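Engineer: Once you've had a glance at the structure underneath, I'll fire off some questions.
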There are 4 protein chains.
Amino acid sequence: MAQTAVVYFSGYGHTQRVAEYVAQGAGAPLIEIDADGNLTDAQWETLDAVDAIIMGSPTYMGMAAWQFKKFADLSSKRWFAGKWQGKVAGGFTISGHLSGDKLSTIQYFITLAMQHGMVWVGQAEMGDGTINRLGSNSGLMAQVGNTESAAAIPDGDLETAKKYGARVAEIAGKLAV
Amino acid sequence: MAQTAVVYFSGYGHTQRVAEYVAQGAGAPLIEIDADGNLTDAQWETLDAVDAIIMGSPTYMGMAAWQFKKFADLSSKRWFAGKWQGKVAGGFTISGHLSGDKLSTIQYFITLAMQHGMVWVGQAEMGDGTINRLGSNSGLMAQVGNTESAAAIPDGDLETAKKYGARVAEIAGKLAV
Amino acid sequence: MAQTAVVYFSGYGHTQRVAEYVAQGAGAPLIEIDADGNLTDAQWETLDAVDAIIMGSPTYMGMAAWQFKKFADLSSKRWFAGKWQGKVAGGFTISGHLSGDKLSTIQYFITLAMQHGMVWVGQAEMGDGTINRLGSNSGLMAQVGNTESAAAIPDGDLETAKKYGARVAEIAGKLAV
Amino acid sequence: MAQTAVVYFSGYGHTQRVAEYVAQGAGAPLIEIDADGNLTDAQWETLDAVDAIIMGSPTYMGMAAWQFKKFADLSSKRWFAGKWQGKVAGGFTISGHLSGDKLSTIQYFITLAMQHGMVWVGQAEMGDGTINRLGSNSGLMAQVGNTESAAAIPDGDLETAKKYGARVAEIAGKLAV
């Protein structure tokens, strides 16, 4: 089976919780970007080794948090060496508004994955009010009010996250053969 | 006072209803793109004459409807002659999902406005659960379930539409002096 | 081996020429969208049958041509039935400017592919001044001056198109096993 | 006359040089984001005071540099207080490829400006091979090869930058009355 990793930044625990469900669905370890936007060498090596990388960040001011962008900028060494070419990629975000600019964050994840020569896998569940409640396809979106804790994220959003992780890992499995 | 026009395509009446509220806020005439993506000569001339153009379309398959895109392609004559340079522009969309790809449609409206050399005015109300319920800033978003009629569009979305029309017209008024 | 098809609209022959090179690389038939934005039933069935679909359009007024968007809107029947889920997707565009809004067109192709539940494959060649001259990764870009014929499209752009077709087909082959 | 400021991050001096031309056209001070993504209190206060803010960053890994994104995230205090509402905004970027993902960076500047309730002014010069060589309208783009110094940025790109600064300041002047 393909190996998948979830690399993410979480500001207040919301993205962390979504990441846990994505990782559970994908059978993936969690690689957390720290508050300064850094990973350890061991974390970078995990990302180099896996078949699929799923990226996560809250949407802050219309885009992934700066700590995620610092990770992206630091990944330029991998890009230059073509190290992530052909890997599978996916991504997720959460914010306080129903729509807001979450699509902007997902679009950036795609742009980054494309620069690395990765293959992008979106979210394919049809929306039914619970699963894929927000109607996102380019990646996985979750939402909870700005003043609410991570515990308040709707179950359906988390279940969708789990299904999404499973989908990315399944497609990575086919490509990794 | 500046003159504003609302140019839009509506498939099943939902965009039409939002357009009416935007137009009411802006004190603007409605210019409807027909089912073949065409405007009459008189409608084009109205667009040429006004100080601000607000664009509207449902989001179908991740973007403005093809009829709107045909309008955009036909506007290339105006672009080539620089006829709309310096006008104010805004835009709105509606779809069945809370998030979906409405931002993609708004982003396209912006790209089109920029090609024409127009000045873009977004939606500036902070979200409070009723006004700007969906948390959109790049333009105006409304939403109602796919199986529901235009009459079911939430009042808050329509009120936001009216405020948005007023904002675009107000800024156009300052620029048109 | 996986079967790939190239579906495209060409206004003045430029996109047609790029499509031919993409198709050559992919070993794919050409499915041309007509001047009214339509395909024949047989063309739709070809798209239903293949493992990978590569989309192409010129960039007009900041986005794919309206005929391509009509094709996209008409594909909603396939979307609703989930017919294209899991297929591989790719895309290409050409315009008269070095940068312009070609990325906007490619971004839309991705958004459309994601709505269909497809897997996106970008352009992975590093730019060297000839191959991937324009430095595009999200999809394939070609460029030639607005007053020039399709014959003037640079050889490197066409060679990149061929390599891109081959890449999409290769990845589709792995996923189709 | 309206007051404009240019806020930018420059990694290796290329963005710095473009910023200087934009600032010259706009009659604007330069506000440089430091290597840690920070501004001084005095720099923030300048941004609060001006009528127009022009944003600049190189395009790194498909988007504005992380230092710029940190600035954007830190601007959330201004956003929350609505301090920048109604100001004029513009943006510019430079990268090593002719197209690359510069549009992605400009799109993000727009998204950020919209969240702040600002009014976006793009680049309106028609491309002629020298002025607006790259064919960008959503904002200002410049380009020079990855191994070349800032001194090698084409004169036409810099002249376009100057014209762009002048345009943003002129429109800000009308709105500030």
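Order determines the names: the first chain of the structure tokens is A, the second B, and so forth; residues in each chain are numbered 1 upward, and ligands are numbered 1 upward as they are shown.
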Output as a ChimeraX atom specification all residues of segment 16-128 of chain D that backbone DSSP marks as helix (DSSP H, G or I).
Structural biologist: /D:16-26,41-49,66-74,76-80,102-115
Engineer: Produce a file of the selected residues containing C-alpha atoms, as a short mmCIF file (atom, residue, chain, number, x, y, z; two decimals), in the first residue's frame.
Structural biologist:
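out.cif written:
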```cif
data_model
loop_
_atom_site.label_atom_id
_atom_site.label_comp_id
_atom_site.auth_asym_id
_atom_site.auth_seq_id
_atom_site.Cartn_x
_atom_site.Cartn_y
_atom_site.Cartn_z
CA GLN D 16 13.12 46.20 -4.92
CA ARG D 17 14.01 47.61 -8.32
CA VAL D 18 10.49 47.23 -9.69
CA ALA D 19 9.13 48.77 -6.48
CA GLU D 20 11.31 51.82 -7.02
CA TYR D 21 9.77 52.46 -10.44
CA VAL D 22 6.23 51.87 -9.21
CA ALA D 23 6.91 54.27 -6.34
CA GLN D 24 8.39 56.86 -8.66
CA GLY D 25 5.27 56.77 -10.82
CA ALA D 26 3.02 57.01 -7.79
CA ASP D 41 5.08 50.50 13.94
CA ALA D 42 5.90 53.63 11.96
CA GLN D 43 5.59 51.68 8.70
CA TRP D 44 2.18 50.31 9.72
CA GLU D 45 1.06 53.84 10.57
CA THR D 46 2.12 55.07 7.15
CA LEU D 47 -0.03 52.38 5.56
CA ASP D 48 -2.94 53.38 7.79
CA ALA D 49 -2.59 57.01 6.71
CA TRP D 66 6.07 33.93 2.89
CA GLN D 67 7.33 37.21 4.28
CA PHE D 68 4.63 39.01 2.31
CA LYS D 69 2.04 36.53 3.58
CA LYS D 70 3.16 37.18 7.12
CA PHE D 71 2.58 40.87 6.51
CA ALA D 72 -0.89 39.99 5.16
CA ASP D 73 -1.66 37.86 8.22
CA LEU D 74 -0.49 40.63 10.53
CA SER D 76 -5.72 41.18 10.16
CA LYS D 77 -5.83 43.73 13.00
CA ARG D 78 -6.45 46.47 10.45
CA TRP D 79 -9.03 44.29 8.71
CA PHE D 80 -10.90 43.60 11.92
CA LYS D 102 2.78 35.43 -11.53
CA LEU D 103 -0.97 35.67 -12.06
CA SER D 104 -1.45 33.54 -8.94
CA THR D 105 0.44 36.14 -6.88
CA ILE D 106 -1.58 39.00 -8.36
CA GLN D 107 -4.82 37.12 -7.72
CA TYR D 108 -3.83 36.77 -4.11
CA PHE D 109 -3.11 40.49 -3.78
CA ILE D 110 -6.62 41.11 -5.10
CA THR D 111 -8.17 38.63 -2.65
CA LEU D 112 -6.34 40.32 0.23
CA ALA D 113 -7.38 43.79 -0.93
CA MET D 114 -10.99 42.65 -1.20
CA GLN D 115 -10.95 41.29 2.35
#
```
Engineer: Give me the residues of chain B that have any atom at most 10 Å from an atom of chain A; for each, the nearest atom pair and the distance in Å, rounded to one decimal. Use only C-alpha atoms, sort by chain and number, and format it as a Markdown table.
Structural biologist:
```
| residue | atom | partner | partner_atom | distance |
| --- | --- | --- | --- | --- |
| B:Gly62 | CA | A:Asn137 | CA | 9.4 |
| B:Ser95 | CA | A:Gly135 | CA | 9.9 |
| B:Gly96 | CA | A:Gly135 | CA | 8.4 |
| B:His97 | CA | A:Gly135 | CA | 5.1 |
| B:Leu98 | CA | A:Leu134 | CA | 4.9 |
| B:Ser99 | CA | A:Ser99 | CA | 4.1 |
| B:Gly100 | CA | A:Gly135 | CA | 4.5 |
| B:Asp101 | CA | A:Ser136 | CA | 7.2 |
| B:Lys102 | CA | A:Ser99 | CA | 8.3 |
| B:Leu103 | CA | A:Leu103 | CA | 6.7 |
| B:Ser104 | CA | A:Leu103 | CA | 7.8 |
| B:Gln107 | CA | A:Ser104 | CA | 9.7 |
| B:Gly127 | CA | A:His97 | CA | 7.8 |
| B:Asp128 | CA | A:His97 | CA | 9.7 |
| B:Gly129 | CA | A:His97 | CA | 8.9 |
| B:Asn132 | CA | A:His97 | CA | 9.4 |
| B:Arg133 | CA | A:Leu98 | CA | 7.5 |
| B:Leu134 | CA | A:Leu98 | CA | 4.9 |
| B:Gly135 | CA | A:Gly100 | CA | 4.5 |
| B:Ser136 | CA | A:Gly100 | CA | 4.9 |
| B:Asn137 | CA | A:Gly100 | CA | 7.3 |
| B:Ser138 | CA | A:Asp101 | CA | 8.6 |
| B:Met141 | CA | A:Ser99 | CA | 8.8 |
| B:Gly145 | CA | A:Gly129 | CA | 9.6 |
```
Engineer: For Ala52 of chain B, list every protein, DNA or RNA residue within 12 Å, evaluated using only C-alpha atoms, and leave out those in the same chain fewer than 4 positions away; present the list as a ChimeraX atom specification.
Structural biologist: /B:1-7,23,26-29,46-48,84-91,113,118-121,165-176
Engineer: Compile the contact shell of Phe92 of chain A as a ChimeraX atom specification: residues with an atom at most 8 Å away, counting only C-alpha atoms, same-chain residues fewer than 4 positions apart removed.
Structural biologist: /A:54-57,106,139-142
Engineer: Just asking: which residues within segment 11-123 of chain B are strand (DSSP E) according to DSSP, as a short mmCIF file (atom, residue, chain, number, x, y, z; two decimals) with all heavy atoms, in the first residue's frame?
Structural biologist:
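Contents of states_8.cif, freshly written:
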```
data_model
loop_
_atom_site.label_atom_id
_atom_site.label_comp_id
_atom_site.auth_asym_id
_atom_site.auth_seq_id
_atom_site.Cartn_x
_atom_site.Cartn_y
_atom_site.Cartn_z
N LEU B 30 -31.56 46.86 -15.48
CA LEU B 30 -31.17 45.46 -15.67
C LEU B 30 -30.96 45.19 -17.15
O LEU B 30 -31.83 45.49 -17.98
CB LEU B 30 -32.27 44.53 -15.14
CG LEU B 30 -32.44 44.50 -13.63
CD1 LEU B 30 -33.73 43.77 -13.25
CD2 LEU B 30 -31.25 43.79 -12.98
N ILE B 31 -29.78 44.63 -17.46
CA ILE B 31 -29.47 44.27 -18.85
C ILE B 31 -29.32 42.76 -18.88
O ILE B 31 -28.29 42.23 -18.45
CB ILE B 31 -28.14 44.92 -19.29
CG1 ILE B 31 -28.12 46.42 -18.96
CG2 ILE B 31 -27.85 44.61 -20.75
CD1 ILE B 31 -28.53 47.32 -20.05
N GLU B 32 -30.33 42.07 -19.40
CA GLU B 32 -30.29 40.60 -19.35
C GLU B 32 -29.68 40.02 -20.62
O GLU B 32 -30.14 40.30 -21.73
CB GLU B 32 -31.70 40.05 -19.14
CG GLU B 32 -31.65 38.54 -18.92
CD GLU B 32 -33.00 37.93 -18.54
OE1 GLU B 32 -34.02 38.65 -18.59
OE2 GLU B 32 -33.02 36.74 -18.18
N ALA B 52 -20.52 52.53 -14.32
CA ALA B 52 -20.20 51.28 -13.61
C ALA B 52 -21.02 50.13 -14.17
O ALA B 52 -22.20 50.31 -14.51
CB ALA B 52 -20.49 51.43 -12.12
N ILE B 53 -20.37 48.97 -14.27
CA ILE B 53 -21.04 47.76 -14.77
C ILE B 53 -20.91 46.68 -13.70
O ILE B 53 -19.79 46.33 -13.30
CB ILE B 53 -20.41 47.28 -16.10
CG1 ILE B 53 -20.60 48.35 -17.19
CG2 ILE B 53 -20.99 45.94 -16.53
CD1 ILE B 53 -19.88 48.02 -18.50
N ILE B 54 -22.03 46.15 -13.26
CA ILE B 54 -22.02 45.04 -12.30
C ILE B 54 -22.46 43.78 -13.05
O ILE B 54 -23.52 43.76 -13.68
CB ILE B 54 -22.96 45.32 -11.11
CG1 ILE B 54 -22.63 46.68 -10.47
CG2 ILE B 54 -22.85 44.19 -10.08
CD1 ILE B 54 -23.53 47.05 -9.29
N MET B 55 -21.61 42.75 -13.00
CA MET B 55 -21.82 41.53 -13.76
C MET B 55 -22.40 40.42 -12.89
O MET B 55 -22.00 40.27 -11.72
CB MET B 55 -20.48 41.06 -14.32
CG MET B 55 -19.78 42.11 -15.18
SD MET B 55 -18.14 41.59 -15.76
CE MET B 55 -17.11 42.31 -14.45
N GLY B 56 -23.32 39.62 -13.44
CA GLY B 56 -23.89 38.53 -12.67
C GLY B 56 -24.12 37.28 -13.49
O GLY B 56 -24.46 37.37 -14.68
N SER B 57 -23.95 36.15 -12.86
CA SER B 57 -24.20 34.85 -13.51
C SER B 57 -24.31 33.80 -12.43
O SER B 57 -23.66 33.90 -11.38
CB SER B 57 -23.03 34.49 -14.44
OG SER B 57 -23.16 33.16 -14.91
N PRO B 58 -25.11 32.77 -12.66
CA PRO B 58 -25.01 31.61 -11.79
C PRO B 58 -23.63 30.98 -11.96
O PRO B 58 -22.96 31.23 -12.97
CB PRO B 58 -26.09 30.67 -12.33
CG PRO B 58 -26.32 31.09 -13.74
CD PRO B 58 -26.04 32.56 -13.78
N THR B 59 -23.21 30.19 -10.97
CA THR B 59 -22.00 29.38 -11.14
C THR B 59 -22.44 28.00 -11.61
O THR B 59 -23.12 27.28 -10.90
CB THR B 59 -21.23 29.28 -9.82
OG1 THR B 59 -20.77 30.59 -9.46
CG2 THR B 59 -20.03 28.35 -9.93
N TYR B 60 -22.09 27.70 -12.85
CA TYR B 60 -22.40 26.39 -13.45
C TYR B 60 -21.08 25.70 -13.76
O TYR B 60 -20.23 26.26 -14.45
CB TYR B 60 -23.15 26.55 -14.78
CG TYR B 60 -24.58 27.00 -14.69
CD1 TYR B 60 -25.22 27.47 -15.86
CD2 TYR B 60 -25.32 26.97 -13.52
CE1 TYR B 60 -26.55 27.88 -15.83
CE2 TYR B 60 -26.64 27.38 -13.49
CZ TYR B 60 -27.25 27.84 -14.64
OH TYR B 60 -28.56 28.26 -14.63
N MET B 63 -17.94 27.87 -12.86
CA MET B 63 -17.61 29.15 -13.52
C MET B 63 -18.92 29.79 -13.98
O MET B 63 -19.96 29.15 -13.99
CB MET B 63 -16.72 28.85 -14.73
CG MET B 63 -16.28 30.01 -15.58
SD MET B 63 -15.38 31.29 -14.71
CE MET B 63 -13.99 30.33 -14.09
N ALA B 64 -18.84 31.06 -14.40
CA ALA B 64 -20.00 31.73 -15.01
C ALA B 64 -20.55 30.89 -16.17
O ALA B 64 -19.80 30.20 -16.86
CB ALA B 64 -19.58 33.11 -15.51
N VAL B 88 -16.07 51.60 -13.34
CA VAL B 88 -16.09 50.76 -12.15
C VAL B 88 -16.77 49.43 -12.48
O VAL B 88 -17.68 49.39 -13.31
CB VAL B 88 -16.82 51.49 -11.00
CG1 VAL B 88 -17.22 50.54 -9.88
CG2 VAL B 88 -15.92 52.60 -10.46
N ALA B 89 -16.30 48.35 -11.87
CA ALA B 89 -16.90 47.04 -12.10
C ALA B 89 -17.14 46.33 -10.77
O ALA B 89 -16.44 46.55 -9.78
CB ALA B 89 -15.98 46.18 -12.97
N GLY B 90 -18.15 45.46 -10.79
CA GLY B 90 -18.44 44.59 -9.65
C GLY B 90 -19.10 43.34 -10.18
O GLY B 90 -19.38 43.24 -11.38
N GLY B 91 -19.37 42.37 -9.30
CA GLY B 91 -19.98 41.14 -9.78
C GLY B 91 -20.61 40.32 -8.68
O GLY B 91 -20.25 40.45 -7.51
N PHE B 92 -21.53 39.44 -9.11
CA PHE B 92 -22.22 38.58 -8.14
C PHE B 92 -22.56 37.25 -8.78
O PHE B 92 -22.69 37.13 -9.99
CB PHE B 92 -23.51 39.25 -7.64
CG PHE B 92 -24.51 39.55 -8.72
CD1 PHE B 92 -25.56 38.68 -8.99
CD2 PHE B 92 -24.42 40.72 -9.46
CE1 PHE B 92 -26.49 38.96 -9.98
CE2 PHE B 92 -25.34 41.00 -10.46
CZ PHE B 92 -26.38 40.13 -10.72
N THR B 93 -22.71 36.24 -7.92
CA THR B 93 -23.08 34.92 -8.40
C THR B 93 -23.90 34.20 -7.34
O THR B 93 -23.91 34.59 -6.17
CB THR B 93 -21.84 34.09 -8.80
OG1 THR B 93 -22.27 32.91 -9.50
CG2 THR B 93 -21.02 33.67 -7.59
N ILE B 94 -24.59 33.16 -7.76
CA ILE B 94 -25.39 32.34 -6.87
C ILE B 94 -25.23 30.89 -7.30
O ILE B 94 -25.05 30.60 -8.48
CB ILE B 94 -26.88 32.77 -6.89
CG1 ILE B 94 -27.71 31.93 -5.90
CG2 ILE B 94 -27.47 32.73 -8.29
CD1 ILE B 94 -29.09 32.50 -5.61
N SER B 95 -25.22 29.99 -6.32
CA SER B 95 -25.21 28.56 -6.67
C SER B 95 -25.86 27.78 -5.54
O SER B 95 -26.27 28.35 -4.52
CB SER B 95 -23.79 28.06 -6.91
OG SER B 95 -23.11 27.89 -5.68
N VAL B 119 -12.04 49.34 -12.76
CA VAL B 119 -11.64 49.38 -11.35
C VAL B 119 -12.61 48.50 -10.57
O VAL B 119 -13.83 48.68 -10.67
CB VAL B 119 -11.71 50.84 -10.85
CG1 VAL B 119 -11.50 50.93 -9.35
CG2 VAL B 119 -10.68 51.70 -11.59
N TRP B 120 -12.10 47.54 -9.81
CA TRP B 120 -12.97 46.54 -9.17
C TRP B 120 -13.37 46.92 -7.74
O TRP B 120 -12.51 47.24 -6.92
CB TRP B 120 -12.29 45.18 -9.13
CG TRP B 120 -13.22 44.11 -8.60
CD1 TRP B 120 -13.29 43.64 -7.33
CD2 TRP B 120 -14.23 43.43 -9.34
NE1 TRP B 120 -14.27 42.69 -7.23
CE2 TRP B 120 -14.87 42.54 -8.44
CE3 TRP B 120 -14.66 43.46 -10.68
CZ2 TRP B 120 -15.91 41.70 -8.84
CZ3 TRP B 120 -15.69 42.63 -11.07
CH2 TRP B 120 -16.30 41.76 -10.16
N VAL B 121 -14.67 46.82 -7.48
CA VAL B 121 -15.20 47.08 -6.15
C VAL B 121 -15.84 45.80 -5.60
O VAL B 121 -16.76 45.25 -6.21
CB VAL B 121 -16.26 48.21 -6.20
CG1 VAL B 121 -16.91 48.40 -4.83
CG2 VAL B 121 -15.62 49.51 -6.67
#
```
Engineer: Could you tell me how far atom CA of Lys163 of chain D sits from atom CA of Gln123 of chain B, in Å to one decimal place?
Structural biologist: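 Going from atom CA of Gln123 of chain B over to atom CA of Lys163 of chain D, I get 27.9 Å.
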